[in-house]
Amino acid sequence: MIHGLLHFSFWEMVLTTLVMTQITVISVTIYLHRCQAHRALELHSSISHFFRFWLWLTTGMTTKAWTAIHRKHHAKCETAEDPHSPVAMGIKTVLFNGAELYRKEKQNKETLERYGQGTPDDFMEDFYVKHSMLGLGIMLALDIILFGLPGITIWAVQMMWIPFFAAGVINGIGHYFGYRNFECPDAARNIIPFGFLLSGEELHNNHHTFGSSAKLSYKWWEFDLGWGIIKIFSFLGLAKVKKLPPKLISNPSKQTIDGETLKAVLLNRFNIMSNYSKDVILPLLKKEKNKIDSGLKDLLIREKSLIDQLEHKKLVFLLQKQKMLNLVYQYKLSLQDIWSRTSATQKELLDALHQWCKSAEESGIEGLKHFAQRIKSYVTHPVS
Ligand SMILES: [Zn+2]
Ligand SMILES: [Zn+2]
């Protein structure tokens, strides 16, 4: 009894615990998050059933509740209605009480009905919801039978893993510390570029930018373990990827603005903004670096809606002294304004894009001119 049926050594137990917690993380990211909440891929029913069963054993979380709370997080991000925003609630609350926030929101019937649509509604789900504690009890019994008394510690680690790493670290740190590839309208950040321990969930800024993508890595140097597993499932015919992040494709011989240019621009607006910072704003900042306040760079690049009133005043004040930088910043805002016009017709958007490119080419700023020329070359599919 003390050693359990497996008679594992200490390190064998550590390794087995890590493997089991990793399977739980994979179940959350692939099944609950990418498949159910965002419909980024379809899974074979055998895989879905395994993930649901494993989540019942190791977390007690059910598909509808998790999916609904997560969809609400995306819909109400960083507002008072966001179920777990460190920006609205403070980092300590989300990092250390993430599981409690989840439990509280689970009681909100309106959240479940409004955001939980399309999740499994079968006999098994009914069973998992009604007997959510039974799964945890079975896991405890299994841990003790297999590992003996240390099984209690293994079980405790399993129980803490998701509340701390998913509810705390991803929902807290992922909206607080790290780097941003894209200026999405919320505070999401990539914690580290290697999505190994949390199977790609570390790449939270990429995810909030391209929410419906099955792949969470974007740059060539970023790694998403969850995506690697999805590729293996796809190869075995057990998964079907529905969506991936858009790619900015250029045809250098194309120098006209047409419907395809507009489509490519709207689809790739985050990549375009990221390129605008890299190719237009930063080179100009580099040139003027001796005359510029150190805080200006961050404010020039940051998404407009994430700049508070005080910072906005500072930005306006600093730009008064920087004519060229002020000009490229105004061009950035007017380009963003094109894709925020939700009620405009295609013709109005095309005219606006045409006008923006023409004016940018005539601005006398070399970086801006080349950027406008590149916009004209964008296409939706590679030229064969
Ligand atoms: Zn988030
Ligand atoms: Zn999500």
# chains A, B, ... in the order shown; residues from 1 in each chain; ligands from 1
>>> select_by_dssp(residues="region 230-303 of chain A", states="strand (DSSP E or B)", output="list in words")
Ala239, Lys240, Val241, Ile249 and Ser250 of chain A
>>> residues_near_ligand(ligand="ligand 2", cutoff="12 Å", atoms="only C-alpha atoms and all ligand atoms", output="PyMOL selection string")
chain A and resi 28-40+66-75+77+166+170-171+174+188+200-216
>>> select_by_dssp(residues="region 128-307 of chain A", states="alpha helix (DSSP H)", output="PyMOL selection string")
chain A and resi 128-130+132-147+150-161+171-172+204-209+225-235+259-267+269-276+282-287+296-301
>>> write_last_selection(atoms="C-alpha atoms", output="compact mmCIF listing (two decimals), in the first residue's frame")
# COMPACT_ATOMS: atom_id res chain seq x y z
CA TYR A 128 -20.04 14.89 -15.84
CA VAL A 129 -21.92 18.01 -14.67
CA LYS A 130 -24.00 16.17 -12.07
CA SER A 132 -18.15 16.56 -11.13
CA MET A 133 -16.67 15.62 -7.73
CA LEU A 134 -16.86 11.88 -8.43
CA GLY A 135 -14.18 12.13 -11.15
CA LEU A 136 -11.78 13.83 -8.73
CA GLY A 137 -12.48 11.13 -6.13
CA ILE A 138 -11.78 8.34 -8.64
CA MET A 139 -8.50 10.05 -9.60
CA LEU A 140 -7.48 10.19 -5.93
CA ALA A 141 -8.26 6.50 -5.48
CA LEU A 142 -6.31 5.63 -8.66
CA ASP A 143 -3.30 7.70 -7.54
CA ILE A 144 -3.23 5.94 -4.15
CA ILE A 145 -3.65 2.47 -5.71
CA LEU A 146 -0.88 3.09 -8.28
CA PHE A 147 1.60 5.17 -6.25
CA PRO A 150 2.69 9.63 -2.23
CA GLY A 151 -0.31 9.37 -4.58
CA ILE A 152 -2.06 11.89 -2.30
CA THR A 153 0.67 14.46 -3.08
CA ILE A 154 0.52 13.59 -6.80
CA TRP A 155 -3.23 14.14 -6.73
CA ALA A 156 -2.83 17.48 -4.92
CA VAL A 157 -0.35 18.63 -7.62
CA GLN A 158 -2.81 17.57 -10.32
CA MET A 159 -5.60 19.52 -8.60
CA MET A 160 -3.46 22.67 -8.32
CA TRP A 161 -2.02 22.59 -11.83
CA ASN A 171 -5.30 34.72 -17.38
CA GLY A 172 -3.14 36.88 -15.11
CA HIS A 204 -1.48 34.81 -25.46
CA ASN A 205 -0.96 37.97 -27.51
CA ASN A 206 -0.91 35.93 -30.74
CA HIS A 207 -4.06 34.18 -29.56
CA HIS A 208 -6.01 37.35 -28.75
CA THR A 209 -4.98 38.78 -32.12
CA LEU A 225 3.51 22.29 -28.49
CA GLY A 226 -0.30 22.16 -28.81
CA TRP A 227 0.03 22.90 -32.53
CA GLY A 228 2.59 20.08 -32.91
CA ILE A 229 0.10 17.65 -31.36
CA ILE A 230 -2.74 18.95 -33.56
CA LYS A 231 -0.54 18.29 -36.61
CA ILE A 232 0.01 14.69 -35.46
CA PHE A 233 -3.75 14.27 -34.92
CA SER A 234 -4.40 15.74 -38.39
CA PHE A 235 -1.87 13.37 -39.95
CA GLY A 259 -10.90 44.70 -54.11
CA GLU A 260 -8.21 42.09 -53.47
CA THR A 261 -5.86 44.70 -51.96
CA LEU A 262 -8.63 45.85 -49.65
CA LYS A 263 -9.46 42.28 -48.62
CA ALA A 264 -5.79 41.52 -47.90
CA VAL A 265 -5.42 44.76 -45.90
CA LEU A 266 -8.53 44.14 -43.77
CA LEU A 267 -7.53 40.54 -43.11
CA ARG A 269 -4.54 44.70 -40.36
CA PHE A 270 -2.58 43.58 -37.28
CA ASN A 271 0.45 42.46 -39.34
CA ILE A 272 0.23 45.73 -41.29
CA MET A 273 0.24 47.79 -38.08
CA SER A 274 3.17 45.77 -36.78
CA ASN A 275 5.06 46.43 -40.06
CA TYR A 276 4.15 50.11 -39.88
CA LEU A 282 11.12 52.94 -35.64
CA PRO A 283 13.58 54.06 -38.39
CA LEU A 284 12.44 57.66 -37.85
CA LEU A 285 12.79 57.30 -34.08
CA LYS A 286 16.30 55.94 -34.57
CA LYS A 287 17.27 58.98 -36.62
CA LEU A 296 7.61 58.22 -26.72
CA LYS A 297 8.48 54.99 -28.55
CA ASP A 298 6.06 52.88 -26.52
CA LEU A 299 3.23 55.39 -26.90
CA LEU A 300 3.72 55.72 -30.68
CA ILE A 301 3.50 51.96 -31.17
>>> residues_around(residues="Phe177 (chain A)", least_positions_apart="6", cutoff="10 Å", atoms="only C-alpha atoms", output="NGL selection string")
:A and (91 or 187-192)
>>> residues_around(residues="Phe96 (chain A)", least_positions_apart="4", cutoff="9 Å", atoms="only C-alpha atoms", output="list in words")
Ile91, Lys92, Glu100, Pro163, Phe164, Ala167, Gly168, Val169 and Gly172 of chain A
